[in-house]
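A.B. asks: File work_29.txt follows (compact mmCIF, C-alpha atoms (C1' of nucleotides)):
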```
# COMPACT_ATOMS: atom_id res chain seq x y z
CA MET A 24 -0.60 -30.39 -19.15
CA TRP A 25 -0.08 -29.37 -22.79
CA ASP A 26 -3.82 -29.50 -23.29
CA ARG A 27 -4.39 -27.02 -20.51
CA PHE A 28 -1.63 -24.83 -21.87
CA LYS A 29 -3.28 -24.92 -25.28
CA ALA A 30 -6.68 -24.14 -23.81
CA ALA A 31 -5.27 -21.17 -21.92
CA ILE A 32 -3.84 -19.74 -25.13
CA LEU A 33 -7.04 -20.35 -27.08
CA GLU A 34 -8.98 -18.42 -24.47
CA LEU A 35 -7.07 -15.33 -25.53
CA ILE A 36 -6.61 -15.71 -29.29
CA LYS A 37 -7.40 -17.85 -32.30
CA ALA A 38 -4.53 -20.00 -33.48
CA GLU A 39 -3.97 -22.78 -36.01
CA ASP A 40 -2.84 -26.17 -34.75
CA GLU A 41 0.31 -25.86 -36.87
CA GLU A 42 1.17 -22.55 -35.23
CA LEU A 43 0.69 -24.04 -31.80
CA GLU A 44 2.71 -27.13 -32.57
CA GLU A 45 5.60 -25.00 -33.74
CA LEU A 46 5.28 -22.84 -30.64
CA PHE A 47 5.11 -25.86 -28.33
CA SER A 48 8.23 -27.32 -29.93
CA LYS A 49 10.09 -24.27 -28.59
CA CYS A 50 8.70 -24.74 -25.07
CA TYR A 51 9.33 -27.49 -22.55
CA SER A 52 7.96 -28.80 -19.30
CA GLN A 53 9.78 -28.66 -16.00
CA THR A 54 9.17 -29.63 -12.39
CA PHE A 55 10.24 -27.81 -9.26
CA GLN A 56 10.51 -28.97 -5.68
CA LYS A 57 8.94 -27.23 -2.76
CA TYR A 58 10.83 -23.98 -2.01
CA GLU A 59 12.87 -24.23 -5.17
CA PRO A 60 13.22 -20.90 -7.05
CA LEU A 61 11.85 -20.56 -10.59
CA SER A 62 13.46 -17.15 -10.99
CA LEU A 63 15.99 -15.17 -8.98
CA PRO A 64 16.69 -11.45 -8.60
CA GLY A 65 19.74 -10.15 -10.41
CA LYS A 66 19.42 -12.59 -13.30
CA ILE A 67 17.69 -11.33 -16.45
CA PRO A 68 14.50 -13.41 -16.68
CA GLN A 69 14.39 -15.47 -19.86
CA ASP A 70 11.19 -17.41 -19.32
CA VAL A 71 7.48 -17.07 -18.79
CA PHE A 72 5.89 -19.97 -16.91
CA PHE A 73 2.50 -21.56 -17.30
CA ILE A 74 1.50 -23.36 -14.12
CA ALA A 75 0.00 -26.79 -14.68
CA LYS A 76 0.23 -27.87 -11.05
CA GLY A 77 1.26 -26.29 -7.77
CA ILE A 78 1.40 -22.80 -6.30
CA LEU A 79 4.18 -20.25 -5.98
CA ARG A 80 4.75 -16.86 -4.48
CA VAL A 81 6.52 -13.82 -5.85
CA ILE A 82 8.84 -12.17 -3.35
CA VAL A 83 10.59 -8.82 -3.25
CA THR A 84 13.41 -8.24 -0.77
CA ASP A 85 13.82 -4.70 0.56
CA SER A 86 17.01 -2.83 1.44
CA LYS A 87 16.93 -4.22 4.99
CA GLY A 88 16.73 -7.76 3.73
CA THR A 89 13.08 -8.25 4.67
CA GLU A 90 11.08 -10.39 2.27
CA HIS A 91 7.63 -9.27 1.11
CA THR A 92 5.17 -11.56 -0.62
CA VAL A 93 3.93 -9.58 -3.59
CA HIS A 94 1.86 -12.20 -5.35
CA PHE A 95 0.57 -15.76 -5.39
CA ALA A 96 0.11 -17.71 -8.62
CA THR A 97 -1.45 -21.11 -9.14
CA GLU A 98 -2.88 -23.54 -11.69
CA ASN A 99 -3.65 -22.26 -15.20
CA GLN A 100 -1.91 -18.94 -14.73
CA PHE A 101 1.00 -17.40 -16.59
CA VAL A 102 3.65 -16.00 -14.31
CA ALA A 103 7.11 -14.45 -14.56
CA ASP A 104 9.21 -11.60 -13.30
CA TYR A 105 7.43 -9.98 -16.19
CA SER A 106 8.52 -6.35 -15.84
CA SER A 107 12.16 -7.31 -15.89
CA PHE A 108 11.48 -9.84 -18.64
CA LEU A 109 9.93 -7.12 -20.80
CA LEU A 110 12.65 -4.59 -20.07
CA ASN A 111 15.40 -7.17 -20.45
CA GLN A 112 16.78 -6.07 -17.13
CA PRO A 113 18.06 -7.96 -14.08
CA GLY A 114 15.16 -9.46 -12.16
CA ILE A 115 13.76 -7.93 -9.00
CA TYR A 116 11.66 -10.81 -7.73
CA THR A 117 12.13 -14.30 -6.44
CA LEU A 118 9.61 -16.81 -7.74
CA GLN A 119 9.43 -19.52 -5.12
CA ALA A 120 7.54 -22.80 -5.38
CA LEU A 121 5.35 -23.40 -2.32
CA GLU A 122 4.48 -26.93 -3.43
CA PRO A 123 6.02 -29.39 -5.87
CA MET A 124 5.24 -27.82 -9.24
CA GLU A 125 4.77 -28.72 -12.87
CA VAL A 126 5.09 -25.91 -15.37
CA VAL A 127 5.40 -25.22 -19.06
CA VAL A 128 8.39 -23.00 -19.72
CA MET A 129 8.03 -20.45 -22.53
CA PRO A 130 11.54 -19.19 -23.29
CA ARG A 131 11.96 -15.68 -24.68
CA LYS A 132 12.78 -17.13 -28.08
CA ALA A 133 9.49 -18.99 -28.23
CA ILE A 134 7.60 -15.83 -27.31
CA ASN A 135 9.41 -13.71 -29.85
CA TRP A 136 8.82 -16.39 -32.46
CA GLY A 137 5.13 -16.13 -31.67
CA TYR A 138 5.13 -12.35 -32.03
CA GLU A 139 6.83 -12.59 -35.38
CA HIS A 140 5.17 -15.61 -36.93
CA MET A 141 1.79 -16.25 -35.37
CA LYS A 142 -1.13 -14.39 -36.91
CA GLU A 143 -2.36 -13.21 -33.54
CA GLY A 144 0.96 -13.22 -31.77
CA ASP A 145 0.98 -9.54 -30.84
CA LYS A 146 -2.64 -9.85 -29.85
CA PHE A 147 -1.68 -12.63 -27.44
CA GLY A 148 0.98 -10.40 -25.92
CA ARG A 149 -1.51 -7.57 -25.76
CA LYS A 150 -4.09 -9.74 -23.99
CA VAL A 151 -1.61 -11.04 -21.43
CA ALA A 152 -0.26 -7.55 -20.73
CA GLU A 153 -3.80 -6.16 -20.51
CA PHE A 154 -4.83 -8.94 -18.16
CA TYR A 155 -1.96 -8.27 -15.82
CA PHE A 156 -2.39 -4.54 -16.06
CA VAL A 157 -6.02 -4.92 -15.00
CA TYR A 158 -4.91 -7.19 -12.17
CA GLN A 159 -2.23 -4.80 -10.90
CA ASP A 160 -4.47 -1.76 -11.32
CA ASN A 161 -7.10 -3.47 -9.22
CA ARG A 162 -4.54 -4.16 -6.53
CA VAL A 163 -3.33 -0.57 -6.50
CA LYS A 164 -6.93 0.59 -6.26
CA ASN A 165 -7.63 -1.77 -3.36
CA THR A 166 -4.58 -0.75 -1.36
CA TYR A 167 -5.88 2.81 -1.54
CA SER A 168 -9.52 2.19 -0.90
CA ARG A 169 -9.69 -0.88 1.36
CA THR A 170 -8.25 -1.72 4.76
CA ALA A 171 -6.05 -4.76 5.32
CA LYS A 172 -9.01 -6.46 6.99
CA GLU A 173 -11.26 -5.85 4.01
CA ARG A 174 -8.59 -7.12 1.65
CA TYR A 175 -8.18 -10.23 3.80
CA GLU A 176 -11.89 -10.92 3.63
CA MET A 177 -11.92 -10.39 -0.15
CA MET A 178 -9.02 -12.77 -0.48
CA GLU A 179 -10.80 -15.42 1.55
CA SER A 180 -13.98 -15.16 -0.48
CA ILE A 181 -12.15 -15.24 -3.82
CA PHE A 182 -9.62 -17.94 -2.94
CA PRO A 183 -10.97 -19.88 0.07
CA GLN A 184 -8.43 -22.72 -0.28
CA ILE A 185 -5.59 -20.28 0.35
CA HIS A 186 -5.29 -21.33 3.99
CA GLN A 187 -4.79 -24.97 3.08
CA ARG A 188 -1.98 -24.14 0.68
CA VAL A 189 -0.13 -21.15 2.16
CA PRO A 190 1.04 -20.42 5.72
CA GLN A 191 -0.67 -17.51 7.34
CA HIS A 192 2.45 -15.41 7.77
CA MET A 193 2.83 -15.30 3.99
CA ILE A 194 -0.75 -14.12 3.69
CA ALA A 195 0.02 -11.41 6.23
CA SER A 196 3.06 -10.43 4.22
CA TYR A 197 0.92 -10.25 1.08
CA LEU A 198 -1.52 -8.00 2.91
CA GLY A 199 1.34 -5.76 4.00
CA ILE A 200 0.90 -6.40 7.72
CA THR A 201 2.67 -8.46 10.38
CA PRO A 202 1.59 -12.02 11.23
CA VAL A 203 0.72 -10.85 14.73
CA HIS A 204 -1.54 -8.19 13.36
CA LEU A 205 -3.33 -10.57 11.01
CA SER A 206 -3.93 -12.91 13.92
CA ARG A 207 -5.55 -9.99 15.77
CA LEU A 208 -7.73 -9.06 12.80
CA LYS A 209 -9.03 -12.61 12.51
CA LYS A 210 -9.88 -12.64 16.20
CA GLU A 211 -11.86 -9.43 16.22
CA ARG A 212 -14.04 -10.49 13.32
CA MET B 26 -0.26 18.91 -30.50
CA TRP B 27 -0.87 16.39 -33.28
CA ASP B 28 2.86 16.27 -33.92
CA ARG B 29 3.52 15.26 -30.35
CA PHE B 30 0.75 12.71 -30.55
CA LYS B 31 2.29 11.29 -33.71
CA ALA B 32 5.75 11.22 -32.15
CA ALA B 33 4.41 9.38 -29.10
CA ILE B 34 2.90 6.68 -31.32
CA LEU B 35 6.03 6.36 -33.44
CA GLU B 36 8.06 5.77 -30.31
CA LEU B 37 6.15 2.53 -29.87
CA ILE B 38 5.58 1.22 -33.39
CA LYS B 39 6.26 1.83 -37.06
CA ALA B 40 3.33 3.27 -38.97
CA GLU B 41 2.66 4.66 -42.44
CA ASP B 42 1.55 8.26 -42.77
CA GLU B 43 -1.66 7.09 -44.41
CA GLU B 44 -2.44 4.83 -41.47
CA LEU B 45 -1.86 7.67 -39.04
CA GLU B 46 -3.95 10.12 -41.03
CA GLU B 47 -6.86 7.72 -41.07
CA LEU B 48 -6.41 7.12 -37.34
CA PHE B 49 -6.19 10.84 -36.59
CA SER B 50 -9.37 11.49 -38.56
CA LYS B 51 -11.15 9.33 -35.97
CA CYS B 52 -9.68 11.29 -33.05
CA TYR B 53 -10.24 14.87 -31.97
CA SER B 54 -8.78 17.46 -29.67
CA GLN B 55 -10.50 18.79 -26.59
CA THR B 56 -9.80 21.25 -23.79
CA PHE B 57 -10.75 20.98 -20.15
CA GLN B 58 -10.93 23.61 -17.44
CA LYS B 59 -9.25 23.32 -14.08
CA TYR B 60 -11.08 20.74 -11.92
CA GLU B 61 -13.23 19.58 -14.82
CA PRO B 62 -13.59 15.76 -15.03
CA LEU B 63 -12.35 13.90 -18.11
CA SER B 64 -13.94 10.67 -16.92
CA LEU B 65 -16.39 9.79 -14.17
CA PRO B 66 -17.04 6.60 -12.18
CA GLY B 67 -20.13 4.67 -13.14
CA LYS B 68 -19.94 5.58 -16.82
CA ILE B 69 -18.28 3.08 -19.16
CA PRO B 70 -15.11 4.81 -20.37
CA GLN B 71 -15.13 5.27 -24.14
CA ASP B 72 -11.91 7.23 -24.61
CA VAL B 73 -8.20 7.14 -24.10
CA PHE B 74 -6.58 10.55 -23.73
CA PHE B 75 -3.22 11.79 -24.89
CA ILE B 76 -2.13 14.79 -22.83
CA ALA B 77 -0.68 17.62 -24.90
CA LYS B 78 -0.80 20.18 -22.08
CA GLY B 79 -1.71 20.21 -18.42
CA ILE B 80 -1.79 17.73 -15.58
CA LEU B 81 -4.52 15.59 -14.08
CA ARG B 82 -5.03 13.20 -11.22
CA VAL B 83 -6.82 9.89 -11.06
CA ILE B 84 -9.04 9.52 -8.02
CA VAL B 85 -10.76 6.55 -6.42
CA THR B 86 -13.49 7.13 -3.84
CA ASP B 87 -13.82 4.54 -1.08
CA SER B 88 -16.96 3.25 0.62
CA LYS B 89 -16.80 6.05 3.21
CA GLY B 90 -16.66 8.70 0.51
CA THR B 91 -12.99 9.52 1.04
CA GLU B 92 -11.09 10.38 -2.12
CA HIS B 93 -7.67 8.84 -2.79
CA THR B 94 -5.28 10.13 -5.42
CA VAL B 95 -4.11 7.05 -7.27
CA HIS B 96 -2.12 8.60 -10.06
CA PHE B 97 -0.87 11.81 -11.70
CA ALA B 98 -0.54 12.13 -15.48
CA THR B 99 0.97 14.94 -17.49
CA GLU B 100 2.32 16.00 -20.88
CA ASN B 101 3.01 13.30 -23.51
CA GLN B 102 1.29 10.54 -21.56
CA PHE B 103 -1.65 8.36 -22.47
CA VAL B 104 -4.23 8.12 -19.73
CA ALA B 105 -7.67 6.63 -19.17
CA ASP B 106 -9.72 4.63 -16.72
CA TYR B 107 -8.00 1.90 -18.67
CA SER B 108 -9.05 -1.20 -16.73
CA SER B 109 -12.69 -0.33 -17.08
CA PHE B 110 -12.13 0.73 -20.68
CA LEU B 111 -10.63 -2.67 -21.47
CA LEU B 112 -13.31 -4.61 -19.62
CA ASN B 113 -16.08 -2.43 -21.01
CA GLN B 114 -17.35 -1.96 -17.49
CA PRO B 115 -18.55 1.08 -15.54
CA GLY B 116 -15.62 3.26 -14.55
CA ILE B 117 -14.11 3.25 -11.10
CA TYR B 118 -11.97 6.38 -11.27
CA THR B 119 -12.45 10.09 -11.63
CA LEU B 120 -9.98 11.76 -13.98
CA GLN B 121 -9.76 15.34 -12.81
CA ALA B 122 -7.91 18.17 -14.56
CA LEU B 123 -5.63 20.03 -12.12
CA GLU B 124 -4.80 22.71 -14.69
CA PRO B 125 -6.44 23.87 -17.92
CA MET B 126 -5.76 20.97 -20.29
CA GLU B 127 -5.40 20.19 -23.97
CA VAL B 128 -5.77 16.56 -24.96
CA VAL B 129 -6.19 14.32 -27.97
CA VAL B 130 -9.19 12.07 -27.50
CA MET B 131 -8.89 8.54 -28.92
CA PRO B 132 -12.40 7.10 -28.95
CA ARG B 133 -12.84 3.35 -28.64
CA LYS B 134 -13.78 3.17 -32.31
CA ALA B 135 -10.51 4.74 -33.37
CA ILE B 136 -8.56 2.30 -31.21
CA ASN B 137 -10.44 -0.72 -32.51
CA TRP B 138 -9.95 0.54 -36.05
CA GLY B 139 -6.23 0.66 -35.33
CA TYR B 140 -6.21 -2.91 -34.02
CA GLU B 141 -8.03 -4.16 -37.08
CA HIS B 142 -6.43 -2.14 -39.85
CA MET B 143 -3.01 -0.90 -38.84
CA LYS B 144 -0.13 -3.25 -39.49
CA GLU B 145 1.23 -2.85 -35.99
CA GLY B 146 -2.06 -2.04 -34.30
CA ASP B 147 -2.01 -4.95 -31.85
CA LYS B 148 1.64 -4.27 -31.21
CA PHE B 149 0.74 -0.69 -30.24
CA GLY B 150 -1.87 -2.01 -27.82
CA ARG B 151 0.64 -4.49 -26.51
CA LYS B 152 3.27 -1.81 -25.94
CA VAL B 153 0.85 0.49 -24.14
CA ALA B 154 -0.45 -2.32 -21.94
CA GLU B 155 3.10 -3.51 -21.24
CA PHE B 156 4.20 0.03 -20.37
CA TYR B 157 1.39 0.46 -17.90
CA PHE B 158 1.84 -3.01 -16.48
CA VAL B 159 5.50 -2.22 -15.80
CA TYR B 160 4.47 1.06 -14.23
CA GLN B 161 1.86 -0.52 -11.96
CA ASP B 162 4.08 -3.45 -11.07
CA ASN B 163 6.77 -1.01 -10.02
CA ARG B 164 4.30 0.80 -7.82
CA VAL B 165 3.12 -2.39 -6.19
CA LYS B 166 6.73 -3.36 -5.58
CA ASN B 167 7.50 0.02 -4.04
CA THR B 168 4.54 0.00 -1.69
CA TYR B 169 5.85 -3.29 -0.34
CA SER B 170 9.51 -2.48 -0.15
CA ARG B 171 9.73 1.27 0.54
CA THR B 172 8.41 3.53 3.29
CA ALA B 173 6.20 6.53 2.53
CA LYS B 174 9.20 8.76 3.17
CA GLU B 175 11.34 6.89 0.67
CA ARG B 176 8.58 7.01 -1.91
CA TYR B 177 8.23 10.74 -1.32
CA GLU B 178 11.92 11.27 -1.90
CA MET B 179 11.82 9.14 -5.07
CA MET B 180 8.90 11.16 -6.31
CA GLU B 181 10.71 14.43 -5.70
CA SER B 182 13.83 13.28 -7.53
CA ILE B 183 11.90 11.90 -10.50
CA PHE B 184 9.38 14.74 -10.80
CA PRO B 185 10.81 17.79 -8.98
CA GLN B 186 8.23 20.21 -10.44
CA ILE B 187 5.44 18.32 -8.71
CA HIS B 188 5.24 20.87 -5.90
CA GLN B 189 4.68 23.73 -8.30
CA ARG B 190 1.80 21.96 -9.99
CA VAL B 191 0.03 19.94 -7.29
CA PRO B 192 -1.02 20.85 -3.74
CA GLN B 193 0.77 18.93 -1.06
CA HIS B 194 -2.31 17.26 0.35
CA MET B 195 -2.82 15.51 -2.99
CA ILE B 196 0.76 14.29 -2.86
CA ALA B 197 0.10 12.96 0.64
CA SER B 198 -3.00 11.21 -0.65
CA TYR B 199 -0.96 9.67 -3.46
CA LEU B 200 1.55 8.43 -0.91
CA GLY B 201 -1.24 6.89 1.15
CA ILE B 202 -0.68 9.10 4.21
CA THR B 203 -2.37 12.11 5.77
CA PRO B 204 -1.29 15.67 4.93
CA VAL B 205 -0.28 16.16 8.56
CA HIS B 206 1.97 13.15 8.40
CA LEU B 207 3.64 14.26 5.18
CA SER B 208 4.33 17.63 6.75
CA ARG B 209 6.04 15.81 9.63
CA LEU B 210 8.12 13.65 7.28
CA LYS B 211 9.37 16.70 5.41
CA LYS B 212 10.37 18.35 8.67
CA GLU B 213 12.37 15.44 10.02
CA ARG B 214 14.43 15.09 6.86
C1' DG C 18 9.55 -42.10 15.94
C1' DT C 19 11.71 -38.36 18.00
C1' DA C 20 14.04 -33.99 18.15
C1' DA C 21 14.09 -29.70 15.89
C1' DA C 22 11.92 -26.26 13.46
C1' DA C 23 7.97 -23.83 12.00
C1' DT C 24 3.53 -22.04 12.99
C1' DC C 25 -0.11 -19.55 15.32
C1' DT C 26 -2.07 -17.10 19.29
C1' DA C 27 -1.67 -14.03 22.98
C1' DA C 28 -0.13 -10.26 26.00
C1' DA C 29 2.57 -6.17 27.20
C1' DC C 30 4.75 -2.54 25.59
C1' DA C 31 6.74 0.72 21.94
C1' DA C 32 6.53 3.23 17.79
C1' DA C 33 4.22 5.00 13.91
C1' DT C 34 0.43 7.21 12.09
C1' DG C 35 -4.11 9.38 12.32
C1' DT C 36 -7.35 13.03 14.31
C1' DT C 37 -8.60 17.35 15.69
C1' DA C 38 -7.85 22.04 16.38
C1' DT C 39 -5.35 26.38 15.78
C1' DC C 40 -2.74 29.85 13.37
C1' DG C 41 -0.53 32.43 9.80
C1' DT C 42 -0.17 32.70 4.84
C1' DT C 43 -1.58 32.37 0.16
C1' DT C 44 -5.00 31.91 -3.32
C1' DT C 45 -9.58 32.38 -5.06
C1' DT C 46 -13.75 34.60 -5.67
C1' DA C 47 -17.20 38.00 -5.65
C1' DT D 18 -9.80 45.08 -3.25
C1' DA D 19 -11.88 42.80 0.52
C1' DA D 20 -13.89 38.63 2.30
C1' DA D 21 -13.79 33.79 2.02
C1' DA D 22 -11.68 29.65 1.15
C1' DA D 23 -7.76 26.75 0.68
C1' DC D 24 -3.35 25.59 2.20
C1' DG D 25 0.50 24.07 5.06
C1' DA D 26 2.84 23.80 9.68
C1' DT D 27 2.41 22.57 14.28
C1' DA D 28 0.94 20.67 18.77
C1' DA D 29 -1.72 17.58 21.78
C1' DC D 30 -3.87 13.62 21.98
C1' DA D 31 -6.01 9.05 20.26
C1' DT D 32 -5.68 4.97 17.67
C1' DT D 33 -3.53 1.65 14.98
C1' DT D 34 0.08 -1.21 14.03
C1' DG D 35 4.63 -3.14 15.03
C1' DT D 36 7.97 -5.56 18.31
C1' DT D 37 9.26 -8.77 21.50
C1' DT D 38 8.53 -12.68 24.13
C1' DA D 39 6.32 -16.86 25.59
C1' DG D 40 3.76 -21.03 25.11
C1' DA D 41 0.98 -24.58 22.85
C1' DT D 42 0.51 -27.17 18.57
C1' DT D 43 1.76 -28.88 14.18
C1' DT D 44 4.98 -30.02 10.64
C1' DT D 45 9.48 -31.34 9.04
C1' DA D 46 13.71 -33.78 8.91
C1' DC D 47 16.87 -37.21 10.30
```
Kindly present the structure from the file in structure tokens form.

C.D. replies:
Amino acid sequence: MWDRFKAAILELIKAEDEELEELFSKCYSQTFQKYEPLSLPGKIPQDVFFIAKGILRVIVTDSKGTEHTVHFATENQFVADYSSFLLNQPGIYTLQALEPMEVVVMPRKAINWGYEHMKEGDKFGRKVAEFYFVYQDNRVKNTYSRTAKERYEMMESIFPQIHQRVPQHMIASYLGITPVHLSRLKKER
Amino acid sequence: MWDRFKAAILELIKAEDEELEELFSKCYSQTFQKYEPLSLPGKIPQDVFFIAKGILRVIVTDSKGTEHTVHFATENQFVADYSSFLLNQPGIYTLQALEPMEVVVMPRKAINWGYEHMKEGDKFGRKVAEFYFVYQDNRVKNTYSRTAKERYEMMESIFPQIHQRVPQHMIASYLGITPVHLSRLKKER
DNA sequence: GTAAAATCTAAACAAATGTTATCGTTTTTA
DNA sequence: TAAAAACGATAACATTTGTTTAGATTTTAC
């Protein structure tokens, strides 16, 4: 688990073993049960998670109380209610485990320590932010330029195991359509 | 113009005057006519723009040739086909001036120079990427949790001058609806 | 292991949104 | 300045998508 965490960091920046050991000493591992929340709206997020095992979804709840699946995250990814984390504001998302999970928790203090003391600390933050900007920008682009059906087919080709790990109504929610409608789209293909 | 550019940078990081002068010597100003493109799809973007005057829209063209307005950008903002710029890949957006524009052009070389030589260069890149991640994340969240009508009303309250500067059909495109539908929504309010 | 809950498909119907066409007005262009 | 083009509102109609309900199957919980 810590090896994979280390490898994920070293894919983005160069870092000395001493730097990483100091950083790791400020992080810790944690497990979550199925359906347990890693982060809740209203609370200022204090942690970024690295997923060693399991899958979660990010949920936003609208003014009518309807839940929308905004995002899925799985092994070897960093995830958080990152906007609120950055702005130091009350969270807007629920991070919900969809399987039993094992994660590395990076508390805010560890991250700030990295920015201040690691040679490429800011570069790490830049790379993570750039990565997620590219990801979000791509999503915005796709919602404009592709139909729900096309996005469903993309999703299947990029992440074929999704059906084994996530119920279909959550996929429909992620696509911004109703479960009934997704069922129809699958049929007509 | 260069003063505003400087102020925009200093809002994000601390920087010495000498650093900024060297950086500025690698940038240049440019004007664009109404409807002129600042960036075109297919070409690898080499520049980030700082808008001193004017307004532009970012357009994506889908497989049927329909244009979708993805974004508006105006005075004191940084703008680019940033995903493609970061990935060094052929652009996916058209950046189109909607008024005569004055911009500061930051070529890739200037930006890389900043990352390598300015004390807070990576921090600047981190702040810009974080800012745009927050912006995009907020948009993704809103498309899930708010109706087109609600997003239209938000837009009006945040940027009331939009109607004076942008034709309504582009606003409809930005909202992901047809001009006819937007006209209906306005009526029923 | 069994009852309860969750899940997916399907059909009928309702509501939301898109399409096309027209008209009057404003803006652009020659 | 006059003709052409762009723009926005509106109406009629078509299409897409959502809602509700039911039933069969699978998963979960006690």

A.B. asks: Give one line per residue of chain D that approaches chain B to at most 12 Å, naming the two atoms of the closest pair and their distance in Å to one decimal, counting only C-alpha atoms (C1' of nucleotides); sort by chain then ascending residue number and deliver it as a tab-separated table.

C.D. replies:
```
residue	atom	partner	partner_atom	distance
D:DA23	C1'	B:Pro192	CA	10.0
D:DC24	C1'	B:Pro192	CA	7.9
D:DG25	C1'	B:Ser208	CA	7.7
D:DA26	C1'	B:Ser208	CA	7.0
D:DT27	C1'	B:Arg209	CA	9.0
D:DA28	C1'	B:Val205	CA	11.2
```

A.B. asks: Quick one: pull the distance between CA of Arg131 in chain A and CA of Tyr160 in chain B, Å, one decimal.

C.D. replies: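 Distance between the two atoms: 21.1 Å.
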
A.B. asks: Could you give me, as a list in words, the residues within 10 Å of range 30-47 of chain D, counting only C-alpha atoms (C1' of nucleotides) and dropping anything in the same chain fewer than 2 positions from it?

C.D. replies: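 Near range 30-47 of chain D, the qualifying residues are Ile200, Thr201, Val203 and His204 of chain A; DT19, DA20, DA21, DA22, DA23, DT24, DC25, DT26, DA27, DA28, DA29, DC30, DA31, DA32, DA33, DT34, DG35, DT36 and DT37 of chain C; DA28 of chain D.
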
A.B. asks: If you count only C-alpha atoms (C1' of nucleotides), which residues fall within 12 Å of Arg174 in chain A, apart from same-chain ones fewer than 3 positions away, as a list in words?

C.D. replies: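 Using only C-alpha atoms (C1' of nucleotides), the neighbours found are Asn161, Arg162, Val163, Lys164, Asn165, Thr166, Tyr167, Ser168, Arg169, Thr170, Ala171, Met177, Met178, Glu179, Ser180, Ile181, Phe182, Ile194, Ala195, Tyr197, Leu198, Gly199, Ile200, Leu205 and Leu208 of chain A.
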
A.B. asks: Just checking: using all atoms listed in the file, which residue out of A:Asp104, A:Asp26, A:Glu98, A:Glu44 ends up closest to chain B?

C.D. replies: A:Asp104

A.B. asks: Kindly give the distance, in Å, that separates CA of Ser109 in chain B and CA of Ile69 in chain B, rounded to a single decimal.

C.D. replies: 6.9 Å

A.B. asks: Kindly provide, as an NGL selection string, the residues of chain A having any atom no farther than 10 Å from an atom of chain B, counting only C-alpha atoms.

C.D. replies: :A and (82-94 or 104-107 or 109-110 or 115-116 or 138 or 143-169 or 196-200)

A.B. asks: Between C1' of DC40 in chain C and CA of Glu213 in chain B, what distance in Å does the model show, to one decimal?

C.D. replies: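 Interatomic distance, C1' of DC40 in chain C to CA of Glu213 in chain B: 21.1 Å.
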